[in-house]
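A.B. asks: My structure is stored as protein20.txt, with compact mmCIF, C-alpha atoms.
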```txt
# COMPACT_ATOMS: atom_id res chain seq x y z
CA MET A 1 101.99 39.34 107.17
CA ALA A 2 101.96 43.11 107.67
CA ASP A 3 105.21 45.10 107.62
CA ARG A 4 107.06 42.45 105.59
CA LEU A 5 108.46 45.25 103.41
CA ASN A 6 109.09 47.69 106.23
CA GLY A 7 111.93 50.03 105.26
CA TYR A 8 112.14 48.89 101.63
CA ARG A 9 111.74 51.61 99.02
CA ILE A 10 109.72 50.37 96.03
CA LEU A 11 109.38 52.31 92.78
CA ILE A 12 106.12 51.88 90.89
CA LEU A 13 105.21 53.54 87.62
CA GLU A 14 101.72 54.89 88.00
CA THR A 15 99.13 54.09 85.39
CA ARG A 16 95.44 53.29 85.70
CA GLU A 17 95.34 51.03 88.76
CA GLU A 18 98.60 51.75 90.53
CA ALA A 19 96.79 53.53 93.37
CA GLN A 20 95.59 50.10 94.50
CA PHE A 21 99.08 48.66 94.03
CA SER A 22 100.57 51.49 96.10
CA ARG A 23 98.05 50.87 98.89
CA LEU A 24 98.80 47.15 98.99
CA LEU A 25 102.55 47.81 99.16
CA ALA A 26 102.09 50.42 101.89
CA GLU A 27 100.06 47.91 103.91
CA GLN A 28 103.18 45.73 103.92
CA GLY A 29 105.22 48.63 105.28
CA ALA A 30 106.93 49.61 102.02
CA ASP A 31 108.08 53.15 101.32
CA VAL A 32 106.41 53.58 97.92
CA LEU A 33 107.86 56.00 95.38
CA GLN A 34 105.07 56.68 92.89
CA CYS A 35 106.12 57.88 89.46
CA PRO A 36 103.24 59.10 87.27
CA MET A 37 103.89 58.02 83.67
CA PHE A 38 101.11 59.97 82.02
CA THR A 39 97.78 61.57 82.69
CA ILE A 40 94.56 60.29 81.15
CA HIS A 41 92.01 62.63 79.57
CA ASP A 42 88.65 62.08 77.93
CA ALA A 43 88.79 62.08 74.14
CA PRO A 44 89.02 65.74 73.08
CA ASP A 45 86.04 65.41 70.71
CA PRO A 46 83.09 63.77 72.50
CA ALA A 47 80.91 63.57 69.38
CA PRO A 48 82.29 60.21 68.06
CA ILE A 49 82.00 58.70 71.54
CA GLU A 50 78.40 59.82 71.92
CA ALA A 51 77.57 58.56 68.42
CA TRP A 52 79.09 55.15 69.22
CA ILE A 53 77.04 54.92 72.43
CA ARG A 54 73.83 55.79 70.60
CA ARG A 55 74.58 53.22 67.87
CA ALA A 56 75.12 50.58 70.55
CA ILE A 57 71.71 51.41 72.00
CA GLU A 58 69.80 51.67 68.74
CA ARG A 59 71.45 48.62 67.14
CA PRO A 60 72.60 46.37 70.00
CA LEU A 61 76.00 44.80 69.41
CA ASP A 62 76.38 41.07 68.94
CA ASP A 63 79.81 41.15 70.57
CA LEU A 64 81.77 43.65 72.64
CA VAL A 65 85.53 43.51 73.17
CA LEU A 66 86.85 45.61 76.05
CA MET A 67 90.59 46.22 75.93
CA THR A 68 90.81 48.18 79.22
CA GLY A 69 88.76 48.83 82.32
CA GLU A 70 89.56 52.53 81.96
CA GLY A 71 87.87 52.54 78.56
CA LEU A 72 84.55 51.26 79.87
CA ARG A 73 84.65 53.66 82.82
CA ARG A 74 85.27 56.59 80.46
CA LEU A 75 82.40 55.43 78.27
CA MET A 76 80.12 55.27 81.30
CA THR A 77 81.04 58.86 82.20
CA VAL A 78 79.74 59.98 78.81
CA VAL A 79 76.73 57.65 79.05
CA ARG A 80 75.71 59.24 82.34
CA ARG A 81 76.32 62.76 81.07
CA ILE A 82 73.95 62.27 78.15
CA GLY A 83 71.39 60.46 80.34
CA VAL A 84 71.20 57.01 78.71
CA GLU A 85 72.69 54.75 81.38
CA ALA A 86 69.79 52.30 81.67
CA GLU A 87 69.47 51.99 77.90
CA PHE A 88 73.21 51.51 77.36
CA VAL A 89 73.71 48.94 80.11
CA GLY A 90 70.60 47.09 78.92
CA SER A 91 72.01 46.99 75.40
CA LEU A 92 75.41 45.70 76.58
CA ALA A 93 73.64 43.00 78.57
CA GLN A 94 72.46 41.51 75.26
CA ALA A 95 75.97 41.36 73.77
CA ARG A 96 78.55 38.65 74.21
CA LYS A 97 81.33 40.36 76.15
CA PHE A 98 85.06 39.69 75.93
CA ALA A 99 87.65 41.14 78.30
CA ARG A 100 91.36 41.60 77.63
CA GLY A 101 92.48 40.39 81.05
CA PRO A 102 90.86 40.90 84.46
CA LYS A 103 90.66 44.72 84.55
CA PRO A 104 87.85 45.14 81.99
CA GLY A 105 85.98 42.40 83.81
CA ARG A 106 86.10 44.40 87.02
CA ALA A 107 84.78 47.47 85.20
CA LEU A 108 81.89 45.41 83.79
CA ARG A 109 80.97 44.17 87.25
CA GLU A 110 80.75 47.79 88.42
CA ILE A 111 77.71 48.17 86.15
CA GLY A 112 76.22 44.79 87.01
CA LEU A 113 77.50 42.83 84.00
CA GLU A 114 79.96 39.96 83.53
CA PRO A 115 82.35 39.06 80.73
CA GLN A 116 81.53 35.81 78.98
CA VAL A 117 85.20 35.24 78.13
CA THR A 118 88.45 36.69 79.52
CA THR A 119 91.63 36.31 77.50
CA GLU A 120 94.34 34.05 78.85
CA LYS A 121 96.90 36.43 77.32
CA PRO A 122 96.05 40.08 78.14
CA THR A 123 97.39 41.37 74.81
CA SER A 124 95.97 42.34 71.42
CA GLU A 125 97.42 39.11 70.08
CA GLY A 126 95.64 37.22 72.84
CA VAL A 127 92.35 38.88 71.88
CA ALA A 128 92.86 38.01 68.21
CA GLU A 129 93.68 34.40 69.14
CA MET A 130 90.59 34.14 71.33
CA LEU A 131 88.27 35.56 68.65
CA SER A 132 89.81 33.40 65.91
CA LYS A 133 88.14 30.36 67.48
CA LEU A 134 84.66 31.87 67.05
CA ASP A 135 82.27 32.26 64.13
CA LEU A 136 81.87 36.04 63.76
CA ARG A 137 80.30 36.08 60.31
CA GLY A 138 77.63 38.77 60.11
CA HIS A 139 78.24 39.97 63.68
CA ARG A 140 78.40 43.61 64.75
CA LEU A 141 81.38 43.76 67.09
CA GLY A 142 82.10 46.78 69.27
CA LEU A 143 85.79 47.23 69.97
CA GLN A 144 86.92 49.56 72.76
CA LEU A 145 90.46 50.68 71.99
CA TYR A 146 93.18 52.34 74.05
CA PRO A 147 95.69 55.05 73.03
CA ASP A 148 99.26 54.83 71.74
CA LYS A 149 98.75 51.48 70.04
CA ASP A 150 98.29 50.60 66.38
CA HIS A 151 95.19 48.40 66.43
CA GLY A 152 95.11 47.90 62.67
CA ARG A 153 96.24 44.28 62.82
CA LEU A 154 93.59 43.35 65.38
CA ILE A 155 90.81 45.13 63.49
CA GLY A 156 91.96 43.47 60.27
CA ALA A 157 91.95 40.03 61.87
CA ILE A 158 88.39 40.50 63.15
CA THR A 159 87.17 41.88 59.82
CA THR A 160 88.69 38.90 58.01
CA GLN A 161 86.43 36.66 60.11
CA GLY A 162 83.40 38.38 58.60
CA ALA A 163 82.49 40.74 61.45
CA GLU A 164 81.54 44.40 61.13
CA VAL A 165 83.88 46.16 63.56
CA ASP A 166 82.69 49.35 65.27
CA PRO A 167 85.68 50.77 67.22
CA VAL A 168 85.64 53.47 69.89
CA LEU A 169 88.56 55.26 71.57
CA PRO A 170 87.18 57.03 74.66
CA TYR A 171 90.37 58.49 76.14
CA VAL A 172 93.83 59.82 75.35
CA TYR A 173 97.19 59.94 77.13
CA ASP A 174 99.20 63.04 77.93
CA ALA A 175 102.70 61.73 78.50
CA ARG A 176 104.84 64.84 78.16
CA ALA A 177 103.88 66.27 81.54
CA ALA A 178 105.23 63.16 83.28
CA ASP A 179 108.70 63.08 81.68
CA ALA A 180 110.31 64.97 84.57
CA ASN A 181 108.92 62.43 87.07
CA ILE A 182 110.43 59.55 85.10
CA VAL A 183 113.83 61.23 84.81
CA THR A 184 113.83 61.75 88.59
CA ALA A 185 112.99 58.07 89.11
CA ILE A 186 115.87 57.07 86.83
CA GLU A 187 118.22 59.23 88.90
CA GLU A 188 116.98 57.63 92.13
CA MET A 189 117.73 54.15 90.78
CA ALA A 190 121.13 55.18 89.45
CA GLN A 191 122.05 56.54 92.87
CA GLY A 192 121.10 53.29 94.60
CA ARG A 193 118.12 54.72 96.48
CA ILE A 194 115.57 52.15 95.29
CA ASP A 195 115.26 48.60 96.66
CA ALA A 196 113.14 47.36 93.74
CA ILE A 197 111.15 48.57 90.75
CA ALA A 198 107.80 46.83 90.23
CA LEU A 199 106.41 46.67 86.69
CA THR A 200 102.81 45.74 85.93
CA SER A 201 102.53 46.42 82.18
CA SER A 202 104.76 46.13 79.13
CA GLY A 203 104.01 49.76 78.29
CA GLN A 204 105.86 50.84 81.43
CA VAL A 205 109.06 49.23 80.13
CA ARG A 206 108.79 50.98 76.76
CA ARG A 207 107.93 54.30 78.37
CA LEU A 208 110.96 54.16 80.67
CA ILE A 209 113.29 53.55 77.76
CA ASP A 210 111.63 56.10 75.45
CA VAL A 211 111.91 58.85 78.06
CA ALA A 212 115.50 57.91 78.87
CA LYS A 213 116.41 58.15 75.17
CA ALA A 214 114.60 61.47 74.77
CA HIS A 215 116.46 62.95 77.75
CA ASN A 216 119.86 61.41 76.98
CA CYS A 217 119.95 59.25 80.10
CA GLU A 218 119.50 55.74 78.71
CA ALA A 219 122.93 54.68 79.98
CA GLN A 220 122.00 55.98 83.43
CA LEU A 221 118.72 54.05 83.28
CA ARG A 222 120.42 50.79 82.32
CA ASP A 223 123.05 51.26 85.04
CA GLY A 224 120.30 51.85 87.57
CA LEU A 225 118.34 48.79 86.44
CA THR A 226 121.49 46.67 86.56
CA ASN A 227 121.76 47.42 90.29
CA THR A 228 118.03 47.48 91.13
CA PRO A 229 115.94 44.28 91.41
CA ILE A 230 113.23 44.25 88.75
CA ALA A 231 109.87 42.73 89.71
CA SER A 232 107.56 41.67 86.87
CA VAL A 233 103.88 40.87 87.31
CA GLY A 234 103.81 38.30 84.50
CA PRO A 235 105.04 36.95 81.16
CA VAL A 236 104.01 39.91 78.99
CA VAL A 237 106.13 42.29 81.08
CA SER A 238 109.01 39.83 81.28
CA ASP A 239 108.97 39.33 77.51
CA GLU A 240 109.15 43.09 77.00
CA LEU A 241 112.04 43.35 79.45
CA LYS A 242 113.89 40.60 77.60
CA ALA A 243 113.24 42.28 74.25
CA CYS A 244 114.80 45.44 75.65
CA GLY A 245 117.88 43.61 76.90
CA LEU A 246 116.73 43.62 80.52
CA ARG A 247 115.99 40.84 83.00
CA THR A 248 113.34 39.78 85.49
CA ASP A 249 114.57 39.26 89.07
CA ILE A 250 111.28 38.79 90.91
CA TYR A 251 108.22 36.96 89.56
CA PRO A 252 104.96 35.75 91.16
CA ALA A 253 104.87 32.13 92.25
CA ASN A 254 102.59 29.54 90.66
CA ASP A 255 101.85 31.71 87.61
CA ALA A 256 99.57 33.92 89.71
CA PHE A 257 99.92 37.09 87.68
CA PHE A 258 98.30 39.59 90.03
CA MET A 259 99.41 42.35 92.38
CA LYS A 260 99.19 40.44 95.68
CA PRO A 261 101.26 37.44 94.52
CA LEU A 262 103.79 39.88 93.06
CA ILE A 263 104.05 41.65 96.42
CA SER A 264 104.52 38.30 98.18
CA ALA A 265 107.31 37.43 95.77
CA MET A 266 108.93 40.81 96.40
CA ALA A 267 108.78 40.33 100.16
CA THR A 268 110.38 36.89 99.87
CA ALA A 269 113.17 38.13 97.63
CA LEU A 270 113.94 41.50 99.19
CA THR A 271 113.96 40.50 102.84
CA LYS A 272 117.00 38.31 102.22
CA ASN A 273 118.97 41.57 102.45
CA PRO A 274 118.45 44.72 104.53
CA PRO A 275 116.90 47.82 102.92
CA ARG A 276 119.39 50.01 101.13
CA ALA A 277 118.49 52.93 103.37
CA ALA A 278 119.69 50.89 106.37
CA GLU A 279 122.98 50.20 104.63
CA ARG A 280 123.51 53.91 104.08
```
Could you quickly redo this structure as structure tokens?

C.D. replies:
Amino acid sequence: MADRLNGYRILILETREEAQFSRLLAEQGADVLQCPMFTIHDAPDPAPIEAWIRRAIERPLDDLVLMTGEGLRRLMTVVRRIGVEAEFVGSLAQARKFARGPKPGRALREIGLEPQVTTEKPTSEGVAEMLSKLDLRGHRLGLQLYPDKDHGRLIGAITTQGAEVDPVLPYVYDARAADANIVTAIEEMAQGRIDAIALTSSGQVRRLIDVAKAHNCEAQLRDGLTNTPIASVGPVVSDELKACGLRTDIYPANDAFFMKPLISAMATALTKNPPRAAER
């Protein structure tokens, strides 16, 4: 199984868990081009985060919705800094916990907890659909948010069900510093130096296009993507590609929307032709 992607140059757009993705690709022999899309920082003002943590301890939540694993990990950094880890974890243990996809579930397990429910659709809409089936009247619901997303519709949907929503946003993105990396990646694709681009979130698609527009290279990006196989981890990414007038060339088999099945699908598809570097 090892070295199936030997010689193939794969572009990945780094976000929260792409280090693991890069390692898995490298284990298959791929030459991985990592393109940081943004850096993540703690929220600039820690006071609201600390206050949310203390509220969760003093008045344990009935329900907790985790939108990202990164969010819980950032919360735990603050929890440990202010010295209330045992109290906070004990409080969360009493709450019914919902995870937007598998990543928040992994973060919960790092602190010895489990999600009671994981969304089938790892989107805000999927979270709203999941919660709509529950009786939330009179519940205090903690909602961990993530940056660069208008969560008003989700919060409104939960409030309409009679819950008191207590949101927290524990981190921010700094995207500007990564623009140059993305422009370089666009140039690499346009020049035929990439065997495939692997996308693991819909935000990566939007970010690529936004940066290309900002730097007047959208035509170059679309030309590059026309000639570069696009691998999508699942339906959310593929839907975003379609909405942007792009296609999905490689997709995990059997609806297994995870990194390893995506890599297997890439190996199957790409090895039908030699690496582009060999052709040159």

A.B. asks: Using all atoms listed in the file, can you tell me which of A:Arg59, A:Lys103, A:His215, A:Arg206 comes closest to A:Arg140?

C.D. replies: A:Arg59

A.B. asks: From the list A:Cys244, A:Ile194, A:Leu5, A:Ala107, which residue is nearest A:Met76 when using all atoms listed in the file?

C.D. replies: A:Ala107

A.B. asks: Write out as a count of residues only which residues come within 8 Å of A:Phe258 when counting only C-alpha atoms, dropping same-chain ones fewer than 3 positions away.

C.D. replies: 5

A.B. asks: Which of these, A:Asp62, A:Glu14, A:Asp249, A:Asp195, has the shortest distance to A:Arg96 once you count only C-alpha atoms?

C.D. replies: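 For A:Arg96, the nearest of the candidates is A:Asp62.
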
A.B. asks: Please indicate the distance in Å from atom CA of A:Arg55 to atom CA of A:Arg137, rounded to one decimal place.

C.D. replies: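 Between these atoms lies a distance of 19.6 Å.
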
A.B. asks: Which is closest to A:Gly112 among A:Asp239, A:Glu85, A:Glu218, A:Glu187, if we use only C-alpha atoms?

C.D. replies: A:Glu85

A.B. asks: Measuring atom to atom with all atoms listed in the file, identify which of A:Ala243, A:Ile53, A:Thr228, A:Ile186 is nearest to A:Asn216.

C.D. replies: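 So, comparing all the options, the nearest one is A:Ile186.
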
A.B. asks: Which residue is closest to A:Arg73? Choose from A:Gly29, A:Gly156, A:Pro170, A:Pro122 and count all atoms listed in the file.

C.D. replies: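 Under the stated criterion, the closest residue is A:Pro170.
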
A.B. asks: Neighbours of stretch 273-276 of chain A within 12 Å (all atoms listed in the file; same-chain residues fewer than 2 positions away dropped), as a PyMOL selection string?

C.D. replies: chain A and resi 4-10+29-31+189+191-196+227-229+266-271+278-280

A.B. asks: Export C-alpha atoms of the chosen residues as an mmCIF file, in the coordinates of the input?

C.D. replies:
```
data_model
loop_
_atom_site.group_PDB
_atom_site.id
_atom_site.type_symbol
_atom_site.label_atom_id
_atom_site.label_comp_id
_atom_site.auth_asym_id
_atom_site.auth_seq_id
_atom_site.Cartn_x
_atom_site.Cartn_y
_atom_site.Cartn_z
ATOM 1 C CA ARG A 4 107.060 42.450 105.590
ATOM 2 C CA LEU A 5 108.460 45.250 103.410
ATOM 3 C CA ASN A 6 109.090 47.690 106.230
ATOM 4 C CA GLY A 7 111.930 50.030 105.260
ATOM 5 C CA TYR A 8 112.140 48.890 101.630
ATOM 6 C CA ARG A 9 111.740 51.610 99.020
ATOM 7 C CA ILE A 10 109.720 50.370 96.030
ATOM 8 C CA GLY A 29 105.220 48.630 105.280
ATOM 9 C CA ALA A 30 106.930 49.610 102.020
ATOM 10 C CA ASP A 31 108.080 53.150 101.320
ATOM 11 C CA MET A 189 117.730 54.150 90.780
ATOM 12 C CA GLN A 191 122.050 56.540 92.870
ATOM 13 C CA GLY A 192 121.100 53.290 94.600
ATOM 14 C CA ARG A 193 118.120 54.720 96.480
ATOM 15 C CA ILE A 194 115.570 52.150 95.290
ATOM 16 C CA ASP A 195 115.260 48.600 96.660
ATOM 17 C CA ALA A 196 113.140 47.360 93.740
ATOM 18 C CA ASN A 227 121.760 47.420 90.290
ATOM 19 C CA THR A 228 118.030 47.480 91.130
ATOM 20 C CA PRO A 229 115.940 44.280 91.410
ATOM 21 C CA MET A 266 108.930 40.810 96.400
ATOM 22 C CA ALA A 267 108.780 40.330 100.160
ATOM 23 C CA THR A 268 110.380 36.890 99.870
ATOM 24 C CA ALA A 269 113.170 38.130 97.630
ATOM 25 C CA LEU A 270 113.940 41.500 99.190
ATOM 26 C CA THR A 271 113.960 40.500 102.840
ATOM 27 C CA ALA A 278 119.690 50.890 106.370
ATOM 28 C CA GLU A 279 122.980 50.200 104.630
ATOM 29 C CA ARG A 280 123.510 53.910 104.080
#
```

A.B. asks: Would you mind reading off the distance between atom CA of A:Glu114 and atom CA of A:Met67, one decimal, in Å?

C.D. replies: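 Pair atom CA of A:Glu114 / atom CA of A:Met67 returns 14.5 Å.
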
A.B. asks: Here's a test: counting all atoms listed in the file, identify every protein, DNA and RNA residue with an atom at most 10 Å from (81.4, 43.5, 55.8) in the file's coordinate frame, and state them as a PyMOL selection string.

C.D. replies: chain A and resi 137-140+159-165

A.B. asks: By how many Å are atom CA of A:Ser91 and atom CA of A:Ala56 apart?

C.D. replies: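 Interatomic distance here is 6.8 Å.
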
A.B. asks: Name all residues at most 9 Å from A:Trp52 (count all atoms listed in the file; drop same-chain ones fewer than 3 positions away) and give them as an MDAnalysis selection string.

C.D. replies: chainID A and resid 47:49 55:57 142 166:168
